[in-house]
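Engineer: Provided below: protein_32.txt, containing compact mmCIF, C-alpha atoms.
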```txt
# COMPACT_ATOMS: atom_id res chain seq x y z
CA MET A 91 -17.40 85.78 21.45
CA SER A 92 -20.18 83.24 21.00
CA ASP A 93 -19.73 79.51 20.39
CA ARG A 94 -21.68 79.70 17.15
CA LEU A 95 -19.67 79.49 13.95
CA THR A 96 -19.56 82.54 11.78
CA GLU A 97 -19.62 82.31 7.97
CA GLU A 98 -15.84 82.77 7.88
CA ASN A 99 -15.29 79.93 10.34
CA VAL A 100 -17.71 77.67 8.48
CA GLY A 101 -15.89 78.28 5.18
CA ALA A 102 -12.47 77.69 6.77
CA HIS A 103 -13.77 74.58 8.54
CA GLN A 104 -15.17 73.14 5.29
CA GLN A 105 -11.92 73.91 3.45
CA GLN A 106 -9.91 72.17 6.18
CA ARG A 107 -12.27 69.14 6.06
CA LYS A 108 -11.94 68.86 2.28
CA GLY A 109 -8.14 68.90 2.52
CA SER A 110 -8.01 66.31 5.30
CA THR A 111 -10.56 64.00 3.65
CA SER A 112 -8.75 63.89 0.34
CA THR A 113 -5.42 63.30 2.10
CA HIS A 114 -6.82 60.48 4.25
CA SER A 115 -8.66 58.79 1.39
CA ARG A 116 -5.44 58.48 -0.59
CA THR A 117 -3.15 57.18 2.11
CA ASP A 118 -4.74 55.94 5.31
CA PHE A 119 -8.08 54.35 4.42
CA PRO A 120 -8.77 51.43 2.08
CA VAL A 121 -9.84 52.47 -1.38
CA HIS A 122 -12.76 50.79 -3.16
CA LEU A 123 -11.56 49.02 -6.29
CA GLY A 124 -13.57 49.56 -9.43
CA PRO A 125 -14.82 46.83 -11.77
CA THR A 126 -12.19 44.45 -13.14
CA THR A 127 -11.84 43.75 -16.84
CA LEU A 128 -9.85 40.99 -18.50
CA ARG A 129 -7.59 41.56 -21.46
CA ARG A 130 -5.50 39.02 -23.33
CA THR A 131 -1.86 39.87 -23.83
CA SER A 132 -1.27 37.41 -26.65
CA ARG A 133 -3.71 36.57 -29.37
CA ALA A 134 -4.07 33.11 -30.90
CA PRO A 135 -5.51 32.68 -34.37
CA ALA A 136 -9.19 31.84 -34.38
CA GLY A 137 -10.37 28.41 -35.40
CA PRO A 138 -10.03 24.80 -34.30
CA GLN A 139 -6.27 24.80 -34.89
CA SER A 140 -5.62 27.43 -32.25
CA SER A 141 -4.25 25.76 -29.12
CA ARG A 142 -2.28 28.66 -27.64
CA ARG A 143 -3.78 30.48 -24.70
CA GLY A 144 -2.89 34.00 -23.69
CA ARG A 145 -2.09 35.05 -20.15
CA ALA A 146 -5.00 36.87 -18.55
CA GLN A 147 -4.28 40.38 -17.35
CA SER A 148 -6.74 42.34 -15.22
CA TYR A 149 -6.86 46.06 -14.58
CA SER A 150 -8.24 47.72 -11.48
CA THR A 151 -9.04 51.40 -11.35
CA ILE A 152 -7.67 53.37 -8.39
CA SER A 153 -8.02 57.13 -8.48
CA GLY A 154 -8.43 57.08 -12.26
CA GLN A 155 -5.13 55.21 -12.88
CA GLN A 156 -5.00 51.72 -14.31
CA GLU A 157 -2.51 49.34 -12.72
CA PRO A 158 -2.00 45.91 -14.32
CA GLN A 159 -2.29 42.85 -12.06
CA PHE A 160 -1.16 39.51 -13.50
CA HIS A 161 -2.79 36.29 -12.31
CA HIS A 162 -1.00 33.00 -13.04
CA SER A 163 0.10 29.92 -11.17
CA PRO A 164 3.73 29.60 -10.05
CA VAL A 165 6.03 27.76 -12.46
CA VAL A 166 7.72 24.65 -11.11
CA LYS A 167 11.15 24.17 -12.66
CA MET A 168 12.50 20.65 -12.88
CA GLU A 169 15.76 19.57 -14.41
CA PRO A 170 15.52 16.96 -17.17
CA SER A 171 16.69 13.49 -16.19
CA TYR A 172 16.96 12.11 -19.74
CA GLN A 173 15.86 8.74 -18.35
CA MET A 174 13.65 7.17 -21.00
CA VAL A 175 13.28 3.74 -19.34
CA PRO A 176 13.15 2.77 -15.65
CA ASP A 177 16.02 0.88 -14.08
CA ASP A 178 15.36 -2.72 -13.07
CA LYS A 179 15.09 -1.90 -9.37
CA HIS A 180 12.27 0.64 -9.86
CA LYS A 181 10.39 -0.99 -12.76
CA PHE A 182 6.72 -1.79 -12.15
CA SER A 183 6.27 -5.47 -11.25
CA ALA A 184 2.74 -6.86 -11.73
CA GLY A 185 3.45 -9.97 -9.61
CA LYS A 186 4.77 -7.93 -6.70
CA VAL A 187 1.73 -5.64 -6.78
CA GLU A 188 -0.78 -8.50 -7.07
CA LYS A 189 0.70 -10.06 -3.90
CA PHE A 190 -0.54 -7.15 -1.80
CA MET A 191 -3.72 -6.47 -3.83
CA GLN A 192 -5.31 -9.89 -3.23
CA PRO A 193 -5.13 -9.89 0.61
CA LEU A 194 -6.16 -6.22 0.71
CA LEU A 195 -9.25 -6.92 -1.40
CA GLU A 196 -10.14 -9.94 0.74
CA SER A 197 -9.74 -7.99 3.98
CA TYR A 198 -12.26 -5.39 2.78
CA LEU A 199 -14.81 -7.82 1.31
CA ASP A 200 -14.75 -11.01 3.44
CA GLY A 201 -18.18 -11.63 4.97
CA ARG A 202 -19.83 -8.67 3.19
CA THR A 203 -23.19 -8.81 1.46
CA TYR A 204 -23.99 -6.72 -1.60
CA GLU A 205 -25.71 -3.39 -0.95
CA SER A 206 -25.40 -0.85 -3.73
CA LYS A 207 -24.80 2.29 -1.62
CA GLU A 208 -22.40 0.60 0.75
CA CYS A 209 -20.45 -1.04 -2.08
CA ALA A 210 -20.13 2.30 -3.90
CA GLN A 211 -18.38 3.80 -0.85
CA LEU A 212 -16.43 0.58 -0.30
CA SER A 213 -15.02 0.63 -3.84
CA LYS A 214 -13.78 4.21 -3.28
CA GLY A 215 -12.07 3.18 -0.04
CA ILE A 216 -10.40 0.16 -1.66
CA THR A 217 -9.23 2.34 -4.56
CA GLU A 218 -7.60 4.87 -2.22
CA ALA A 219 -5.96 2.13 -0.13
CA MET A 220 -4.50 0.41 -3.20
CA LYS A 221 -3.26 3.67 -4.68
CA THR A 222 -1.52 4.60 -1.42
CA ARG A 223 0.09 1.17 -1.12
CA VAL A 224 1.38 1.07 -4.69
CA LYS A 225 2.82 4.60 -4.36
CA ASP A 226 4.74 3.48 -1.28
CA MET A 227 6.37 0.65 -3.25
CA ASP A 228 8.86 3.08 -4.85
CA PHE A 229 8.10 2.60 -8.54
CA ARG A 230 9.72 5.87 -9.56
CA ARG A 231 8.32 8.06 -12.33
CA TYR A 232 5.17 5.96 -12.70
CA LYS A 233 1.62 7.26 -12.83
CA PHE A 234 -1.14 4.96 -11.58
CA ILE A 235 -4.80 4.46 -12.43
CA VAL A 236 -6.71 2.27 -9.97
CA ASN A 237 -10.09 0.81 -10.93
CA VAL A 238 -12.25 -1.27 -8.55
CA THR A 239 -15.57 -2.73 -9.69
CA ILE A 240 -17.96 -4.39 -7.21
CA GLY A 241 -21.12 -6.14 -8.40
CA GLN A 242 -23.85 -8.42 -7.09
CA ASN A 243 -23.18 -12.13 -7.52
CA ARG A 244 -26.17 -13.85 -9.09
CA ARG A 245 -24.12 -16.39 -11.04
CA GLN A 246 -24.35 -14.20 -14.11
CA GLY A 247 -21.67 -13.85 -16.75
CA PHE A 248 -19.37 -10.84 -16.47
CA GLN A 249 -16.74 -9.64 -18.94
CA PHE A 250 -14.20 -6.99 -18.05
CA ALA A 251 -12.01 -5.53 -20.81
CA SER A 252 -9.68 -2.55 -21.16
CA ARG A 253 -7.68 -1.01 -23.98
CA GLU A 254 -4.58 1.11 -23.54
CA VAL A 255 -2.10 2.95 -25.71
CA TRP A 256 1.26 2.60 -24.02
CA ASN A 257 4.82 1.38 -24.28
CA PRO A 258 4.90 -2.38 -23.61
CA GLU A 259 8.55 -2.15 -22.51
CA THR A 260 7.83 0.14 -19.55
CA ASP A 261 4.07 0.14 -18.86
CA ASN A 262 2.05 -2.68 -17.32
CA TYR A 263 -0.98 -3.53 -15.19
CA ALA A 264 -1.91 -5.79 -12.28
CA THR A 265 -5.38 -7.23 -11.65
CA VAL A 266 -7.02 -9.42 -9.00
CA PHE A 267 -10.48 -10.95 -8.58
CA TYR A 268 -12.56 -11.71 -5.48
CA GLN A 269 -15.91 -13.49 -5.13
CA ASN A 270 -18.19 -14.67 -2.33
CA SER A 271 -21.83 -15.83 -2.31
CA SER A 272 -23.20 -12.26 -2.40
CA LEU A 273 -20.75 -10.14 -4.43
CA PHE A 274 -17.76 -10.12 -6.75
CA ALA A 275 -14.98 -7.57 -7.23
CA VAL A 276 -12.33 -6.86 -9.84
CA ALA A 277 -9.44 -4.54 -8.99
CA THR A 278 -6.95 -3.30 -11.59
CA ILE A 279 -3.93 -1.00 -11.29
CA PHE A 280 -2.55 0.47 -14.51
CA ALA A 281 1.01 1.80 -14.36
CA THR A 282 2.42 4.10 -17.04
CA TYR A 283 5.99 5.33 -17.04
CA TYR A 284 6.43 9.11 -17.14
CA GLU A 285 9.51 9.93 -19.21
```
Reformat the file's structure so that it appears as structure tokens.
Structural biologist:
Amino acid sequence: MSDRLTEENVGAHQQQRKGSTSTHSRTDFPVHLGPTTLRRTSRAPAGPQSSRRGRAQSYSTISGQQEPQFHHSPVVKMEPSYQMVPDDKHKFSAGKVEKFMQPLLESYLDGRTYESKECAQLSKGITEAMKTRVKDMDFRRYKFIVNVTIGQNRRQGFQFASREVWNPETDNYATVFYQNSSLFAVATIFATYYE
């Protein structure tokens, strides 16, 4: 018998290949996912009053079947504390914060001359340092906004103002000022109590 395949063998070989390919493609090899479409599961009324958002649900097609895949961030569950005001030990103290802000500002700016690019990076570094320090002071349940402004000193007038909507019983701010012959700086930390 010759090594060449006869028509019978070719047909049987092709049939065997078809069976093995379809079996392997379903189980052993990765399957190409089809295009993904998004569909909303809850509908909010149209218009400017609608503030509800539906959860996005995507479908991927595998072998003609649609399987839903939900995409959402994990939910963090926290128990309510029912603490509407901070206790005296953990209440934000502007005087205590200003005591560390002034030397910190001076340590960064003593002997410096004003250069716009360098001062832009310097203000970011001072902001991060102050935010880290005030977070370490254990003012619980407070959120902080740190603002540092550095400008060139040419004996010009400068006015710095801010407006806030907050609870005067719990919220407060601390601010310090620094000046040398070349530059000036104003640093402010706003603290708002998170109920």
Engineer: Compile the contact shell of stretch 196-203 of chain A as a VMD selection string: residues with an atom at most 9 Å away, counting all atoms listed in the file, same-chain residues fewer than 5 positions apart removed.
Structural biologist: chain A and resid 191 209 212 216 242 268 to 275
Engineer: Between A:Gln211, A:Thr265, A:Asn257, A:Gln249, single out the one closest to A:Ile279, counting all atoms listed in the file.
Structural biologist: A:Thr265
Engineer: At what distance in Å, to one decimal, does atom CA of A:Lys181 lie from atom CA of A:Val165?
Structural biologist: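 Separating atom CA of A:Val165 from atom CA of A:Lys181 is a distance of 29.1 Å.
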Engineer: Using all atoms listed in the file, which residue out of A:Phe182, A:Phe190, A:Tyr263, A:Tyr204 lies closest to A:Thr222?
Structural biologist: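 Closest candidate: A:Phe190.
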Engineer: Given the choices A:Val175, A:Val224, A:Thr282, A:Gly241, which gets closest to A:Glu254 if the distance is worked out from all atoms listed in the file?
Structural biologist: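 Once distances to A:Glu254 are computed over all atoms listed in the file, the minimum belongs to A:Thr282.
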Engineer: Which residues come within 9 Å of A:Ser183, counting all atoms listed in the file, excluding same-chain residues fewer than 3 positions away, as a list in words?
Structural biologist: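 In the requested format, the answer is His180, Lys186, Val187, Glu188, Phe229, Asn262, Tyr263 and Ala264 of chain A.
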Engineer: Kindly save the residues from that selection, with C-alpha atoms included, as an mmCIF file, in the coordinates of the input.
Structural biologist:
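Output file out_15.cif is given in full below:
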```cif
data_model
loop_
_atom_site.group_PDB
_atom_site.id
_atom_site.type_symbol
_atom_site.label_atom_id
_atom_site.label_comp_id
_atom_site.auth_asym_id
_atom_site.auth_seq_id
_atom_site.Cartn_x
_atom_site.Cartn_y
_atom_site.Cartn_z
ATOM 1 C CA HIS A 180 12.270 0.640 -9.860
ATOM 2 C CA LYS A 186 4.770 -7.930 -6.700
ATOM 3 C CA VAL A 187 1.730 -5.640 -6.780
ATOM 4 C CA GLU A 188 -0.780 -8.500 -7.070
ATOM 5 C CA PHE A 229 8.100 2.600 -8.540
ATOM 6 C CA ASN A 262 2.050 -2.680 -17.320
ATOM 7 C CA TYR A 263 -0.980 -3.530 -15.190
ATOM 8 C CA ALA A 264 -1.910 -5.790 -12.280
#
```
Engineer: List the spatial neighbours of A:Asp177 as a PyMOL selection string - criterion: any atom at most 12 Å away, only C-alpha atoms, same-chain residues fewer than 6 positions off excluded.
Structural biologist: chain A and resi 183+228-231+259-260+283
Engineer: Quick one: distance from atom CA of A:Ala281 to atom CA of A:Ala251 in Å, one decimal?
Structural biologist: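 Going from atom CA of A:Ala281 over to atom CA of A:Ala251, I get 16.3 Å.
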Engineer: What is the distance, in Å and to one decimal place, between atom CA of A:Val236 and atom CA of A:Glu218?
Structural biologist: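 Interatomic distance, atom CA of A:Val236 to atom CA of A:Glu218: 8.2 Å.
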Engineer: Compare A:Leu195, A:Met227, A:Ala219, A:Val166 by their minimum atom-to-atom distance to A:Ile240, counting all atoms listed in the file, and give me the closest one.
Structural biologist: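 Between A:Leu195, A:Met227, A:Ala219, A:Val166, the residue approaching A:Ile240 most closely is A:Leu195.
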Engineer: Between A:Gln246, A:Asn237, A:Gln173, A:Ser163, which is the closest to A:Val266 once you count all atoms listed in the file?
Structural biologist: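 Among the listed residues, A:Asn237 lies closest to A:Val266.
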